[in-house]
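Below: target03.tsv (TSV, C-alpha atoms and all ligand atoms)
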chain	number	residue	atom	x	y	z
R	1261	MET	CA	116.01	127.85	48.16
R	1262	THR	CA	114.67	124.70	49.84
R	1263	ALA	CA	116.79	121.59	49.36
R	1264	ALA	CA	115.07	118.90	47.31
R	1265	THR	CA	114.11	115.57	48.85
R	1266	GLU	CA	116.13	112.68	47.42
R	1267	HIS	CA	114.66	109.22	46.90
R	1268	LEU	CA	116.98	106.21	47.04
R	1269	GLN	CA	116.08	102.60	46.34
R	1270	ALA	CA	117.49	100.08	48.81
R	1271	ARG	CA	117.71	96.35	48.30
R	1272	GLN	CA	118.62	93.81	50.94
R	1273	GLY	CA	118.26	90.21	49.74
R	1274	SER	CA	114.74	89.95	48.33
R	1275	HIS	CA	113.55	92.93	50.42
R	1276	ARG	CA	113.31	96.38	48.82
R	1277	TYR	CA	112.66	99.68	50.52
R	1278	GLU	CA	112.72	103.38	49.82
R	1279	VAL	CA	114.88	105.94	51.53
R	1280	HIS	CA	113.68	109.55	51.44
R	1281	VAL	CA	116.17	112.25	52.44
R	1282	GLY	CA	115.20	115.91	52.62
R	1283	PRO	CA	112.69	118.32	54.12
R	1284	GLY	CA	109.81	116.49	52.40
R	1285	ALA	CA	110.80	113.03	53.66
R	1286	LEU	CA	107.97	112.76	56.20
R	1287	ASP	CA	105.35	113.40	53.49
R	1288	ALA	CA	105.71	109.72	52.58
R	1289	LEU	CA	104.69	108.52	56.05
R	1290	PRO	CA	100.85	108.61	55.93
R	1291	ALA	CA	100.77	106.47	52.75
R	1292	LEU	CA	103.14	103.93	54.34
R	1293	LEU	CA	100.65	103.42	57.17
R	1294	GLU	CA	97.69	102.74	54.88
R	1295	ARG	CA	97.95	98.97	54.59
R	1296	HIS	CA	98.35	98.45	58.36
R	1297	ASP	CA	95.64	98.09	60.98
R	1298	ARG	CA	97.46	99.91	63.79
R	1299	VAL	CA	100.69	101.79	64.33
R	1300	ALA	CA	103.01	102.05	67.34
R	1301	VAL	CA	105.45	104.95	67.38
R	1302	VAL	CA	108.56	104.09	69.42
R	1303	THR	CA	110.70	107.02	70.53
R	1304	CYS	CA	112.45	108.41	73.62
R	1305	PRO	CA	111.58	111.44	75.80
R	1306	PRO	CA	114.07	114.01	74.44
R	1307	VAL	CA	113.10	113.22	70.83
R	1308	ALA	CA	109.37	113.27	71.60
R	1309	ARG	CA	109.85	116.81	73.02
R	1310	CYS	CA	111.93	118.26	70.16
R	1311	ALA	CA	110.60	119.81	66.95
R	1312	ALA	CA	111.78	116.90	64.77
R	1313	GLY	CA	110.01	114.37	66.99
R	1314	ARG	CA	106.83	116.42	67.06
R	1315	ARG	CA	106.89	116.75	63.25
R	1316	ALA	CA	107.27	112.97	62.89
R	1317	LEU	CA	104.48	112.25	65.34
R	1318	ALA	CA	102.15	114.72	63.59
R	1319	ALA	CA	102.89	113.04	60.23
R	1320	ALA	CA	102.18	109.59	61.72
R	1321	ARG	CA	98.92	110.80	63.25
R	1322	ARG	CA	97.79	112.10	59.84
R	1323	GLY	CA	97.44	108.43	58.85
R	1324	GLY	CA	94.86	107.99	61.67
R	1325	LYS	CA	96.27	104.63	62.82
R	1326	VAL	CA	98.49	105.50	65.79
R	1327	ALA	CA	97.37	103.29	68.68
R	1328	LEU	CA	100.40	103.87	70.91
R	1329	VAL	CA	103.34	106.21	71.39
R	1330	HIS	CA	105.89	104.33	73.46
R	1331	ALA	CA	108.88	106.18	74.96
R	1332	LEU	CA	111.96	104.08	75.67
R	1333	PRO	CA	114.48	105.39	78.20
R	1334	ASP	CA	117.01	107.58	76.41
R	1335	GLY	CA	120.18	106.06	74.92
R	1336	GLU	CA	121.55	102.60	75.72
R	1337	ALA	CA	119.19	102.35	78.73
R	1338	GLY	CA	116.40	101.75	76.20
R	1339	LYS	CA	118.26	98.83	74.59
R	1340	THR	CA	117.66	96.07	77.15
R	1341	LEU	CA	115.70	92.84	77.13
R	1342	ALA	CA	113.60	94.20	80.03
R	1343	GLN	CA	112.67	97.27	77.95
R	1344	LEU	CA	111.91	95.02	74.97
R	1345	GLU	CA	109.48	92.98	77.08
R	1346	ARG	CA	107.89	96.14	78.47
R	1347	ALA	CA	107.42	97.58	74.98
R	1348	ALA	CA	106.01	94.32	73.56
R	1349	VAL	CA	103.42	94.18	76.37
R	1350	LYS	CA	102.41	97.79	75.60
R	1351	LEU	CA	102.00	96.90	71.91
R	1352	LEU	CA	99.77	93.95	72.83
R	1353	GLN	CA	97.71	96.09	75.22
R	1354	ALA	CA	97.27	98.71	72.49
R	1355	GLY	CA	95.84	96.03	70.18
R	1356	LEU	CA	98.71	95.73	67.70
R	1357	THR	CA	98.58	92.59	65.55
R	1358	ARG	CA	100.62	90.86	62.87
R	1359	ARG	CA	99.24	93.44	60.41
R	1360	SER	CA	100.54	96.38	62.44
R	1361	LEU	CA	103.53	98.65	61.91
R	1362	VAL	CA	106.22	100.04	64.21
R	1363	VAL	CA	107.57	103.52	63.47
R	1364	SER	CA	110.87	104.34	65.13
R	1365	VAL	CA	111.53	108.06	65.73
R	1366	GLY	CA	114.95	108.82	67.19
R	1367	GLY	CA	118.66	108.14	67.07
R	1368	GLY	CA	120.63	104.91	66.76
R	1369	ALA	CA	119.64	103.45	70.14
R	1370	VAL	CA	115.93	103.94	69.40
R	1371	SER	CA	116.14	102.47	65.90
R	1372	ASP	CA	118.21	99.47	67.13
R	1373	ALA	CA	115.65	98.72	69.86
R	1374	ALA	CA	112.49	99.57	67.89
R	1375	GLY	CA	113.77	97.58	64.90
R	1376	PHE	CA	114.40	94.56	67.12
R	1377	LEU	CA	110.98	94.97	68.72
R	1378	ALA	CA	109.51	94.88	65.18
R	1379	ALA	CA	111.69	91.87	64.29
R	1380	THR	CA	110.35	89.85	67.21
R	1381	PHE	CA	106.80	91.11	67.94
R	1382	MET	CA	104.36	88.44	66.64
R	1383	ARG	CA	107.39	86.83	64.94
R	1384	GLY	CA	108.05	90.00	62.98
R	1385	VAL	CA	106.11	93.05	61.81
R	1386	PRO	CA	107.37	95.77	59.43
R	1387	TRP	CA	108.92	98.99	60.70
R	1388	VAL	CA	109.67	102.43	59.34
R	1389	ALA	CA	112.72	104.33	60.54
R	1390	VAL	CA	112.56	108.09	61.07
R	1391	PRO	CA	116.16	108.84	62.11
R	1392	THR	CA	116.65	112.13	63.96
R	1393	THR	CA	120.43	112.12	64.48
R	1394	LEU	CA	123.19	112.20	61.88
R	1395	LEU	CA	124.57	108.88	63.13
R	1396	SER	CA	121.24	107.13	62.67
R	1397	MET	CA	120.63	108.76	59.25
R	1398	VAL	CA	123.91	107.64	57.72
R	1399	ASP	CA	124.31	104.36	59.60
R	1400	ALA	CA	122.01	102.84	62.24
R	1401	ALA	CA	118.66	103.21	60.45
R	1402	LEU	CA	119.96	101.65	57.24
R	1403	GLY	CA	120.79	98.04	56.58
R	1404	GLY	CA	118.56	96.23	59.04
R	1405	LYS	CA	120.93	95.55	61.93
R	1406	THR	CA	118.65	95.62	64.99
R	1407	ALA	CA	119.60	94.64	68.54
R	1408	VAL	CA	119.47	95.14	72.27
R	1409	ASN	CA	122.39	94.84	74.69
R	1410	LEU	CA	123.17	92.28	77.35
R	1411	PRO	CA	124.84	93.58	80.55
R	1412	VAL	CA	128.07	91.92	79.34
R	1413	ALA	CA	128.02	92.90	75.66
R	1414	LYS	CA	126.56	95.53	73.35
R	1415	ASN	CA	124.17	94.42	70.57
R	1416	ALA	CA	124.51	90.79	71.72
R	1417	VAL	CA	120.88	89.87	70.99
R	1418	GLY	CA	119.57	91.01	67.65
R	1419	ALA	CA	118.33	90.25	64.15
R	1420	PHE	CA	118.71	91.42	60.58
R	1421	HIS	CA	115.34	93.05	59.95
R	1422	PRO	CA	115.53	95.78	57.29
R	1423	PRO	CA	112.99	98.60	57.55
R	1424	ALA	CA	110.04	99.09	55.19
R	1425	ALA	CA	111.25	102.66	54.60
R	1426	VAL	CA	113.66	105.24	55.98
R	1427	LEU	CA	112.53	108.87	56.18
R	1428	ALA	CA	115.33	111.30	57.03
R	1429	ASP	CA	114.62	115.00	57.37
R	1430	PRO	CA	117.97	116.79	57.87
R	1431	ARG	CA	116.19	119.70	59.62
R	1432	ALA	CA	116.31	117.44	62.68
R	1433	LEU	CA	120.06	118.07	62.84
R	1434	ALA	CA	119.55	121.81	63.53
R	1435	THR	CA	118.84	121.14	67.21
R	1436	LEU	CA	121.35	118.32	67.79
R	1437	PRO	CA	123.88	119.08	70.54
R	1438	PRO	CA	127.24	119.86	68.84
R	1439	ARG	CA	128.94	116.77	70.31
R	1440	GLU	CA	126.15	114.54	69.01
R	1441	LEU	CA	126.49	116.11	65.55
R	1442	ARG	CA	130.27	115.53	65.60
R	1443	SER	CA	129.66	111.93	66.58
R	1444	GLY	CA	127.66	111.47	63.37
R	1445	LEU	CA	130.42	113.21	61.43
R	1446	GLY	CA	132.72	110.36	62.49
R	1447	GLU	CA	130.66	108.03	60.29
R	1448	VAL	CA	130.48	110.64	57.49
R	1449	VAL	CA	134.29	110.83	57.49
R	1450	LYS	CA	134.37	107.01	57.42
R	1451	TYR	CA	132.39	107.01	54.15
R	1452	ALA	CA	134.77	109.62	52.70
R	1453	LEU	CA	137.72	107.40	53.60
R	1454	LEU	CA	135.95	104.39	52.07
R	1455	GLU	CA	135.17	106.40	48.93
R	1456	PRO	CA	137.92	109.02	48.49
R	1457	ALA	CA	135.74	110.68	45.80
R	1458	LEU	CA	133.69	112.05	48.73
R	1459	LEU	CA	136.73	113.37	50.57
R	1460	GLY	CA	136.70	116.86	49.00
R	1461	ARG	CA	133.05	117.42	49.97
R	1462	VAL	CA	133.61	116.20	53.51
R	1463	ALA	CA	136.76	118.30	53.91
R	1464	ALA	CA	134.84	121.38	52.68
R	1465	LEU	CA	132.05	120.67	55.19
R	1466	GLY	CA	134.40	120.67	58.18
R	1467	ALA	CA	132.43	120.49	61.43
R	1468	ARG	CA	129.20	121.93	59.99
R	1469	ARG	CA	126.04	119.89	59.55
R	1470	PRO	CA	125.69	118.17	56.18
R	1471	GLY	CA	122.75	118.77	53.88
R	1472	ALA	CA	120.48	116.23	52.23
R	1473	ASP	CA	122.83	115.69	49.27
R	1474	LEU	CA	125.85	114.65	51.35
R	1475	ILE	CA	123.70	112.56	53.71
R	1476	ALA	CA	122.23	110.83	50.65
R	1477	ALA	CA	125.74	110.23	49.23
R	1478	CYS	CA	126.78	108.53	52.51
R	1479	MET	CA	123.57	106.50	52.50
R	1480	ARG	CA	124.20	105.42	48.90
R	1481	ALA	CA	127.68	104.25	49.88
R	1482	LYS	CA	126.26	102.14	52.71
R	1483	LEU	CA	123.30	100.78	50.71
R	1484	GLN	CA	125.59	99.64	47.89
R	1485	VAL	CA	127.68	97.59	50.32
R	1486	VAL	CA	124.62	96.19	52.14
R	1487	GLU	CA	123.04	95.20	48.82
R	1488	ALA	CA	126.16	93.21	47.94
R	1489	ASP	CA	126.35	91.54	51.36
R	1490	PRO	CA	123.10	91.86	53.37
R	1491	THR	CA	124.23	89.82	56.39
R	1492	GLU	CA	127.93	90.73	56.70
R	1493	ARG	CA	129.57	87.58	55.39
R	1494	GLY	CA	132.22	89.52	53.51
R	1495	VAL	CA	132.26	92.94	51.88
R	1496	ARG	CA	129.88	94.53	54.46
R	1497	SER	CA	132.82	94.38	56.87
R	1498	LEU	CA	134.13	97.42	54.96
R	1499	LEU	CA	131.60	99.45	56.95
R	1500	ASN	CA	133.66	98.57	60.02
R	1501	LEU	CA	136.57	100.72	58.84
R	1502	GLY	CA	137.91	102.35	62.01
R	1503	HIS	CA	135.64	100.28	64.23
R	1504	THR	CA	138.08	97.59	65.43
R	1505	PHE	CA	140.35	99.98	67.34
R	1506	GLY	CA	137.34	102.33	67.74
R	1507	HIS	CA	135.40	99.71	69.73
R	1508	GLY	CA	138.50	99.20	71.87
R	1509	VAL	CA	138.62	102.96	72.55
R	1510	GLU	CA	134.88	103.06	73.33
R	1511	ALA	CA	135.28	100.17	75.79
R	1512	ALA	CA	138.49	101.64	77.26
R	1513	GLY	CA	136.47	104.80	77.95
R	1514	ARG	CA	133.74	102.67	79.59
R	1515	PHE	CA	131.29	103.80	76.89
R	1516	ASP	CA	130.87	107.26	78.40
R	1517	ARG	CA	134.21	109.02	77.89
R	1518	TYR	CA	134.04	108.92	74.06
R	1519	THR	CA	130.99	109.07	71.81
R	1520	HIS	CA	130.78	106.36	69.15
R	1521	GLY	CA	131.87	108.85	66.47
R	1522	GLU	CA	134.84	110.10	68.51
R	1523	ALA	CA	136.00	106.52	69.08
R	1524	VAL	CA	135.54	105.68	65.38
R	1525	ALA	CA	137.50	108.82	64.45
R	1526	VAL	CA	140.48	107.64	66.51
R	1527	GLY	CA	139.99	104.17	65.01
R	1528	LEU	CA	140.12	105.64	61.49
R	1529	ALA	CA	143.38	107.42	62.25
R	1530	PHE	CA	144.67	104.16	63.74
R	1531	ALA	CA	143.65	102.17	60.62
R	1532	PHE	CA	145.59	104.53	58.35
R	1533	ARG	CA	148.62	104.50	60.65
R	1534	LEU	CA	148.53	100.69	60.85
R	1535	ALA	CA	148.21	100.52	57.04
R	1536	ALA	CA	151.27	102.80	56.77
R	1537	ARG	CA	153.20	100.57	59.20
R	1538	LEU	CA	152.34	97.60	56.99
R	1539	GLY	CA	153.56	99.45	53.87
R	1540	ARG	CA	150.05	99.58	52.37
R	1541	VAL	CA	149.78	103.41	52.18
R	1542	GLY	CA	152.24	106.28	52.33
R	1543	PRO	CA	152.43	109.20	54.80
R	1544	LEU	CA	150.36	111.46	52.53
R	1545	ALA	CA	147.33	109.18	52.82
R	1546	VAL	CA	147.69	109.23	56.62
R	1547	ALA	CA	147.94	113.03	56.58
R	1548	GLU	CA	144.91	113.35	54.29
R	1549	ALA	CA	142.81	111.03	56.47
R	1550	GLU	CA	143.81	112.81	59.68
R	1551	ALA	CA	143.12	116.24	58.15
R	1552	ALA	CA	139.56	115.13	57.30
R	1553	ILE	CA	139.03	113.73	60.81
R	1554	GLU	CA	140.42	116.80	62.57
R	1555	GLY	CA	138.58	119.13	60.17
R	1556	ALA	CA	135.34	117.58	61.42
R	1557	GLY	CA	136.36	118.51	64.98
R	1558	LEU	CA	137.12	114.90	65.88
R	1559	PRO	CA	140.13	113.41	67.67
R	1560	THR	CA	142.97	111.44	66.06
R	1561	ARG	CA	144.78	110.79	69.36
R	1562	VAL	CA	143.93	109.37	72.78
R	1563	PRO	CA	145.95	109.37	76.02
R	1564	PRO	CA	148.55	106.57	76.22
R	1565	ALA	CA	146.63	104.66	78.92
R	1566	VAL	CA	143.51	104.59	76.72
R	1567	ALA	CA	145.48	103.41	73.66
R	1568	ARG	CA	147.11	100.60	75.70
R	1569	ARG	CA	143.78	99.53	77.19
R	1570	ALA	CA	142.13	99.58	73.73
R	1571	VAL	CA	144.85	97.21	72.43
R	1572	ASP	CA	144.32	94.88	75.44
R	1573	LEU	CA	140.55	94.86	74.91
R	1574	MET	CA	141.01	94.06	71.21
R	1575	ALA	CA	143.32	91.16	72.12
R	1576	HIS	CA	140.60	89.88	74.47
R	1577	ASP	CA	138.09	90.01	71.58
R	1578	LYS	CA	140.61	88.18	69.39
R	1579	LYS	CA	140.60	85.24	71.81
R	1580	ARG	CA	136.85	84.96	71.33
R	1581	THR	CA	136.97	84.72	67.53
R	1582	ALA	CA	138.44	81.58	65.99
R	1583	ALA	CA	139.81	83.49	62.99
R	1584	GLY	CA	141.70	86.01	65.17
R	1585	LEU	CA	141.61	89.75	64.62
R	1586	ARG	CA	141.18	90.82	61.00
R	1587	TRP	CA	141.45	94.43	59.90
R	1588	VAL	CA	139.72	96.75	57.45
R	1589	LEU	CA	142.59	98.74	55.97
R	1590	PRO	CA	143.36	101.00	52.99
R	1591	ARG	CA	145.78	100.03	50.24
R	1592	GLN	CA	147.24	102.46	47.74
R	1593	GLU	CA	148.99	101.77	44.47
R	1594	ARG	CA	151.56	104.37	43.50
R	1595	GLY	CA	149.89	107.45	42.01
R	1596	SER	CA	146.27	106.41	42.57
R	1597	ALA	CA	143.65	106.91	45.28
R	1598	TRP	CA	143.54	104.25	48.00
R	1599	THR	CA	140.93	101.52	48.12
R	1600	VAL	CA	139.86	99.76	51.30
R	1601	GLU	CA	140.11	96.00	51.87
R	1602	TRP	CA	138.68	93.82	54.61
R	1603	ASP	CA	139.96	90.64	56.24
R	1604	VAL	CA	143.54	91.91	56.43
R	1605	ALA	CA	146.01	90.36	58.90
R	1606	ALA	CA	148.42	92.54	60.89
R	1607	ASP	CA	151.26	91.43	63.14
R	1608	ALA	CA	151.18	92.39	66.81
R	1609	ALA	CA	154.31	94.54	66.50
R	1610	ALA	CA	152.70	96.74	63.82
R	1611	VAL	CA	149.50	97.05	65.90
R	1612	ALA	CA	151.52	98.04	68.99
R	1613	ALA	CA	153.56	100.56	66.99
R	1614	ALA	CA	150.42	102.16	65.47
R	1615	ALA	CA	148.88	102.32	68.97
R	1616	ARG	CA	151.98	104.18	70.23
R	1617	GLU	CA	151.58	106.70	67.40
R	1618	ILE	CA	147.93	107.26	68.33
R	1619	ALA	CA	148.84	107.72	72.01
R	1620	GLY	CA	149.28	111.43	71.84
R	1621	ALA	CA	146.92	113.37	74.10
K	1	LIG	N1	127.07	99.70	61.10
K	1	LIG	C1	127.67	98.83	60.18
K	1	LIG	C2	126.69	97.98	59.44
K	1	LIG	O1	125.52	98.29	59.39
K	1	LIG	O2	127.09	96.97	58.89

Let me see the file written as C-alpha cells.
Amino acid sequence: MTAATEHLQARQGSHRYEVHVGPGALDALPALLERHDRVAVVTCPPVARCAAGRRALAAARRGGKVALVHALPDGEAGKTLAQLERAAVKLLQAGLTRRSLVVSVGGGAVSDAAGFLAATFMRGVPWVAVPTTLLSMVDAALGGKTAVNLPVAKNAVGAFHPPAAVLADPRALATLPPRELRSGLGEVVKYALLEPALLGRVAALGARRPGADLIAACMRAKLQVVEADPTERGVRSLLNLGHTFGHGVEAAGRFDRYTHGEAVAVGLAFAFRLAARLGRVGPLAVAEAEAAIEGAGLPTRVPPAVARRAVDLMAHDKKRTAAGLRWVLPRQERGSAWTVEWDVAADAAAVAAAAREIAGA
C-alpha cells in the first residue's frame, strides 16, 4: 500500500504556506511555479545526481519555467557570502526578476543558503523548499530561518524568510547514508522529548527511517511552535532543546567529529541529566530519554575532554549574551508526563556535574 500524502497548513505571522509530506508531494510543484516568470533551482552536486534530486528537477521542469539549475558546493562550503554572491550573479545572468521563484532541492545547508538567497535577491523573492534529508524535512526547511556562515560563526548572517511551500517526499530518505539518517533522527527524538505523546512511536521506530506520518507529526510540532512565535522571542526557544550543550559538543568536535544530530542527541541527554540535578525530573525520565536516544542509534555520552571543552565553549558564548546562559529543560510533576520549559537558569555546579555524567566514552 502506498503511504498517503499529508497536507499541513503553516502560518508564520501574516504568511501562510502549505507543507506536503508523502510520495505525491512533488505533484504540487508545477502549479506553484505558474505565477512566476522564471525559476532557479538551487541544489548541490550529490543531490542533483541522486534519484530524489532528479525527481525534483523533473517536476520543476514540468512547469516549463526553469531558467537555471545552480549547484552550490556540498554542505557548509555552500553557505558562504562568496557563494551567495556567485549564486545571485548567476540568477541575474539567467534573467530572474522580482517575479521569479527559487526552488531549493537538498538538505539543511542547501535550504539555509537558497532560502537566504531568496530573502535577499532583488530584496526578496519567494522560495519553495524540497528537503531531501530527514534533518531538513523535520527542521531546516520549516520555519523560515535562512542564513550563511561567517568564517568565525555559523549562521551569523541571515533572515527570517519563510518558504512559499515545503514539499517533502520521504522516498528521498531511502538513499541517505545511515549516519546522515541518524543525524535527522536526533531532531525526531527531540520532538518526542518535547511532546512525550510521540515517544512511543519514536521508540518503536528505533534507528529505521520514519514514514510520512511520523515526519508530518514532527513537522506539526515545529509548525505549532513557530506559529506562536515566528521570530524566536520566546516559546520558539523550545526547539533548541538539547542544542545548548549540543552546539558546545559540535564546536568541541570542530564541526566534523559529530554530526548535528549526534551532538543534539548528547545535548538532549545532558538536558535531562541537568534537569535531574536541578530536581526538575526524576531518574526515570532520564532513563526514558536516554533509551529513546540510544534506540535511534545515537550517542548519550562523549569523551571527558569533549565534555569539558563543550562546557568551556558554552561559557564563552555566555559572555557574549547579556542575559547569560538560559536552558531549555524538562519539568515533571509527580505522576504526570514532563513538559519542557525555556529560559531556565542553572547554577555552574549543576552544569559541571551533568557534564561529568555525560563524560562517559
Ligand atoms: N531549528 C530551530 C528553529 O527553527 O527555531

Would you name the residues within 7 Å of ligand LIG 1 (chain K), counting only C-alpha atoms and all ligand atoms, and put them as a list in words?
Asp1399, Ala1400, Leu1402, Gly1403, Lys1405, Glu1492, Arg1496, Ser1497, Leu1499 and Asn1500 of chain R

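Between CA of Met1397 in chain R and CA of Leu1483 in chain R there is a distance of 12.0 Å.
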
Pick from R:Glu1345, R:Ser1364, R:Pro1470, R:Cys1304: nearest to Gly1282 in chain R, with only C-alpha atoms counted?
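The shortest atom-to-atom distance to Gly1282 in chain R comes from R:Pro1470.
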
Counting all atoms listed in the file, what is within 8 Å of range 1591-1600 of chain R, bar same-chain residues fewer than 4 positions away, as a PyMOL selection string?
chain R and resi 1454-1456+1498+1535+1540-1542+1545

For a quick check of understanding, using all atoms listed in the file, which of R:Gly1324, R:Pro1333, R:Gly1284, R:Gly1471 has the smallest distance to Ala1308 in chain R?
R:Pro1333

May I ask for the distance between CA of Leu1292 in chain R and CA of His1280 in chain R, given in Å to one decimal place?
12.3 Å

Using all atoms of range 1587-1605 of chain R listed in the file and a margin of 8 Å per side, can you give the axis-aligned box centre and edge lengths in Å to one decimal, as lines of an AutoDock Vina configuration file?
center_x = 145.1
center_y = 98.9
center_z = 51.0
size_x = 28.9
size_y = 33.1
size_z = 33.9

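Computed from the coordinates, the CA of Ala1285 in chain R to CA of Ala1457 in chain R distance equals 26.3 Å.
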
Selection: 12 Å around range 1612-1621 of chain R, all atoms listed in the file, excl. self and same-chain fewer than 4 positions, as JSON, numbers by chain:
{"R": [1505, 1506, 1508, 1509, 1523, 1525, 1526, 1527, 1528, 1529, 1530, 1531, 1532, 1533, 1534, 1535, 1536, 1537, 1538, 1546, 1550, 1559, 1560, 1561, 1562, 1563, 1564, 1565, 1566, 1567, 1568, 1569, 1570, 1571, 1572, 1574, 1575, 1606, 1607, 1608]}
